[in-house]
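**Student:** Contents of start.txt (compact mmCIF, C-alpha atoms) are below:
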```txt
# COMPACT_ATOMS: atom_id res chain seq x y z
CA MET A 1 13.44 -16.13 11.14
CA ASP A 2 14.44 -17.46 7.74
CA LEU A 3 13.17 -16.19 4.41
CA ASP A 4 10.47 -18.88 4.18
CA GLU A 5 9.06 -17.82 7.55
CA ALA A 6 9.23 -14.17 6.52
CA PHE A 7 7.35 -15.03 3.34
CA GLU A 8 4.60 -16.80 5.32
CA ALA A 9 4.39 -13.93 7.82
CA TYR A 10 4.35 -10.97 5.40
CA VAL A 11 3.19 -12.10 1.96
CA ASP A 12 -0.42 -11.03 2.60
CA ASP A 13 0.59 -7.62 4.00
CA LEU A 14 2.87 -6.96 1.05
CA TYR A 15 0.21 -8.06 -1.41
CA ARG A 16 -2.39 -5.72 0.14
CA TYR A 17 0.13 -2.86 0.15
CA LEU A 18 1.12 -3.40 -3.48
CA PHE A 19 -2.51 -3.92 -4.51
CA SER A 20 -3.46 -0.63 -2.85
CA LEU A 21 -0.74 1.08 -4.89
CA SER A 22 -1.25 -0.61 -8.24
CA LYS A 23 -4.99 -1.38 -8.06
CA ASN A 24 -4.24 -4.50 -10.10
CA HIS A 25 -4.23 -8.07 -8.78
CA HIS A 26 -1.70 -9.43 -11.26
CA THR A 27 0.68 -6.50 -10.88
CA ALA A 28 0.55 -6.82 -7.10
CA GLU A 29 1.31 -10.55 -7.31
CA ASP A 30 4.24 -9.92 -9.66
CA LEU A 31 5.63 -7.19 -7.42
CA VAL A 32 5.35 -9.44 -4.33
CA GLN A 33 7.37 -12.06 -6.19
CA GLU A 34 9.89 -9.41 -7.22
CA THR A 35 10.14 -8.22 -3.60
CA PHE A 36 10.92 -11.70 -2.27
CA TYR A 37 13.28 -12.39 -5.16
CA ARG A 38 15.24 -9.26 -4.20
CA ALA A 39 15.14 -10.36 -0.57
CA TYR A 40 16.53 -13.75 -1.55
CA LEU A 41 19.37 -12.12 -3.47
CA GLN A 42 20.27 -9.49 -0.86
CA LEU A 43 19.69 -10.95 2.58
CA SER A 44 21.79 -13.36 4.52
CA GLU A 45 20.26 -15.44 7.30
CA ASP A 46 21.52 -13.19 10.13
CA GLU A 47 20.00 -10.03 8.59
CA ILE A 48 16.36 -11.09 8.92
CA MET A 49 15.50 -9.64 12.32
CA HIS A 50 13.57 -6.48 11.35
CA ILE A 51 12.54 -7.62 7.93
CA LYS A 52 9.01 -6.16 7.70
CA PRO A 53 10.06 -2.52 7.20
CA TRP A 54 12.81 -3.62 4.83
CA LEU A 55 10.37 -5.70 2.76
CA PHE A 56 7.96 -2.76 2.53
CA LYS A 57 10.85 -0.56 1.37
CA VAL A 58 11.83 -3.12 -1.28
CA ALA A 59 8.17 -3.43 -2.33
CA TYR A 60 7.85 0.35 -2.60
CA HIS A 61 10.95 0.54 -4.80
CA ALA A 62 9.76 -2.40 -6.91
CA PHE A 63 6.48 -0.52 -7.45
CA ILE A 64 8.33 2.69 -8.38
CA ASP A 65 10.52 0.73 -10.82
CA PHE A 66 7.41 -0.87 -12.32
CA THR A 67 5.59 2.45 -12.78
CA ARG A 68 8.65 4.07 -14.31
CA LYS A 69 9.04 1.14 -16.67
CA HIS A 70 5.40 1.19 -17.70
CA ASN A 71 5.08 4.98 -17.33
CA ARG A 72 1.55 4.70 -16.01
CA LEU A 73 -0.50 3.30 -13.16
CA VAL A 74 -2.62 0.28 -13.91
CA ILE A 75 -6.23 0.61 -12.78
CA THR A 76 -8.62 -2.30 -12.42
CA ASP A 77 -12.39 -2.39 -12.74
CA LYS A 78 -13.13 -2.75 -9.04
CA ILE A 79 -11.49 -3.44 -5.70
CA HIS A 80 -12.85 -6.53 -4.01
CA SER A 81 -12.77 -6.59 -0.24
CA GLN A 82 -12.62 -9.83 1.67
CA MET A 83 -15.12 -8.87 4.34
CA ILE A 84 -17.81 -11.07 5.81
CA VAL A 85 -21.02 -10.44 3.91
CA LYS A 86 -24.02 -9.71 6.11
CA THR A 87 -26.38 -8.89 3.27
CA PRO A 88 -25.75 -8.16 -0.39
CA GLU A 89 -26.73 -4.53 0.18
CA ILE A 90 -24.30 -4.02 3.07
CA ASP A 91 -21.53 -5.77 1.13
CA PHE A 92 -22.15 -3.50 -1.87
CA LEU A 93 -22.12 -0.35 0.27
CA GLU A 94 -18.93 -1.40 2.06
CA LYS A 95 -17.16 -2.11 -1.22
CA GLU A 96 -18.42 1.15 -2.69
CA SER A 97 -17.24 3.11 0.36
CA PHE A 98 -13.83 1.43 0.33
CA THR A 99 -13.46 2.06 -3.39
CA ALA A 100 -14.40 5.72 -2.91
CA LEU A 101 -11.89 6.04 -0.05
CA MET A 102 -9.12 4.43 -2.11
CA ASN A 103 -9.95 6.78 -5.00
CA ASP A 104 -9.70 9.71 -2.58
CA ILE A 105 -6.32 8.46 -1.37
CA HIS A 106 -5.09 7.91 -4.94
CA SER A 107 -6.09 11.47 -5.88
CA LEU A 108 -3.53 12.86 -3.41
CA LYS A 109 0.00 13.85 -4.33
CA GLU A 110 2.04 10.69 -4.70
CA ILE A 111 4.13 11.23 -1.55
CA GLU A 112 1.02 11.97 0.54
CA MET A 113 -0.66 8.82 -0.81
CA HIS A 114 2.35 6.63 0.01
CA SER A 115 2.62 8.17 3.48
CA LEU A 116 -1.05 7.50 4.28
CA VAL A 117 -1.02 3.98 2.89
CA LEU A 118 2.08 2.96 4.85
CA CYS A 119 1.14 4.59 8.17
CA ASP A 120 -2.66 4.45 8.25
CA LEU A 121 -3.52 1.35 6.23
CA HIS A 122 -0.48 -0.81 6.97
CA GLN A 123 0.23 0.67 10.41
CA LEU A 124 3.98 1.01 10.02
CA SER A 125 5.70 3.30 12.49
CA LEU A 126 6.65 6.81 11.43
CA LYS A 127 10.32 5.84 11.47
CA GLU A 128 9.72 2.76 9.32
CA ALA A 129 7.65 4.73 6.80
CA ALA A 130 10.19 7.57 6.75
CA ASP A 131 12.97 5.07 6.05
CA ILE A 132 10.97 3.44 3.26
CA LEU A 133 10.16 6.76 1.60
CA GLN A 134 13.60 8.20 2.41
CA LEU A 135 12.11 11.20 4.22
CA ASN A 136 12.76 13.04 7.45
CA ILE A 137 10.17 12.05 10.09
CA ASN A 138 8.86 15.62 10.39
CA THR A 139 8.46 15.82 6.61
CA LEU A 140 6.56 12.52 6.69
CA LYS A 141 4.29 13.85 9.45
CA SER A 142 3.53 16.91 7.29
CA HIS A 143 2.62 14.73 4.31
CA ILE A 144 0.40 12.53 6.49
CA SER A 145 -1.34 15.55 8.02
CA ARG A 146 -1.96 17.22 4.66
CA GLY A 147 -3.12 13.95 3.11
CA ARG A 148 -5.54 13.22 5.94
CA LYS A 149 -7.02 16.72 5.72
CA LYS A 150 -7.53 16.39 1.97
CA VAL A 151 -9.16 12.96 2.29
CA ILE A 152 -11.46 14.18 5.08
CA GLU A 153 -12.52 17.17 2.95
CA ARG A 154 -13.27 14.90 -0.01
CA VAL A 155 -15.33 12.54 2.16
CA LYS A 156 -17.24 15.48 3.64
CA GLY A 157 -17.84 16.85 0.14
CA ARG A 158 -19.25 13.49 -0.99
CA ARG A 159 -21.56 13.37 2.04
CA ARG A 160 -22.86 16.86 1.29
CA GLN A 161 -23.61 15.80 -2.28
CA ASP A 162 -25.35 12.59 -1.14
CA GLY A 163 -27.23 14.24 1.72
```
Please express the file's structure as structure tokens.
**Tutor:**
Amino acid sequence: MDLDEAFEAYVDDLYRYLFSLSKNHHTAEDLVQETFYRAYLQLSEDEIMHIKPWLFKVAYHAFIDFTRKHNRLVITDKIHSQMIVKTPEIDFLEKESFTALMNDIHSLKEIEMHSLVLCDLHQLSLKEAADILQLNINTLKSHISRGRKKVIERVKGRRRQDG
């Protein structure tokens, strides 16, 4: 697989990952470009066998560099999902639910948020996520477990308030 094929295969996944972190379309696009620019500079043709985890690691570090540089997270007005619309009401509720879930995830400690996003939303293996975050697998599992419990409690709390 050459870099062009890797771009075609993973550009959408990286964009969604970076968008979920930054909550900003333009920032996510810029960071995807930065990720592939770094890949172009650092990879030779024979190194592109297991590129997906490596690209996510580069994307994660590009995001960290960006946030350190700007010293804040950029938040957009709304998150738009690309789901098939059955009715305007269902579409609104789905977007509202997704936005609420993403807000719950973003309210976690940073390491718990990154762990959940990589493993649960982007379905990377524990080893891949641990490598990206530079954590021991058992430490990653702890962060995922704590993060999931906190998100579940927040969702339950919202349901009690709505019910």
**Student:** When you look at range 128-136 of chain A with a cut-off of 12 Å (counting all atoms listed in the file), what residues show up, excluding the ones that are within fewer than 2 positions of it in the same chain? I need them as a PyMOL selection string.
**Tutor:** chain A and resi 50-62+64+110-126+138-144
**Student:** Take CA of Ile152 in chain A and CA of Glu96 in chain A and report the distance between them in Å, one decimal.
**Tutor:** 16.7 Å
**Student:** Using all atoms listed in the file, find the one residue out of A:Lys23, A:Leu14, A:Leu41, A:Arg159 that sits nearest to Met102 in chain A.
**Tutor:** A:Lys23
**Student:** Give me the residues near Val151 in chain A as an MDAnalysis selection string, where near means some atom within 12 Å (using all atoms listed in the file) and where sequence neighbours in that chain fewer than 2 positions away do not count.
**Tutor:** chainID A and resid 100:109 112:113 116 144:149 153:158
**Student:** Can you work out which one of A:Leu3, A:Lys127, A:His70, A:Asp162 has the shortest atom-to-atom distance to Thr27 in chain A, counting all atoms listed in the file?
**Tutor:**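 Answer, going by the shortest atom-to-atom distance: A:His70.
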**Student:** Mind pulling up the distance from CA of Thr35 in chain A to CA of Ala6 in chain A?
**Tutor:**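 Straight-line distance from CA of Ala6 in chain A to CA of Thr35 in chain A works out to 11.8 Å.
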**Student:** Mind pulling up the distance from CA of Arg16 in chain A to CA of Asp65 in chain A?
**Tutor:**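 Calculated distance between CA of Asp65 in chain A and CA of Arg16 in chain A is 18.1 Å.
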**Student:** Identify which of the residues A:Ser22, A:Glu94, A:Thr99, A:Gln33 lies closest to Phe66 in chain A, counting all atoms listed in the file when measuring atom-to-atom distances.
**Tutor:**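 Closest to Phe66 in chain A of all the choices is A:Ser22.
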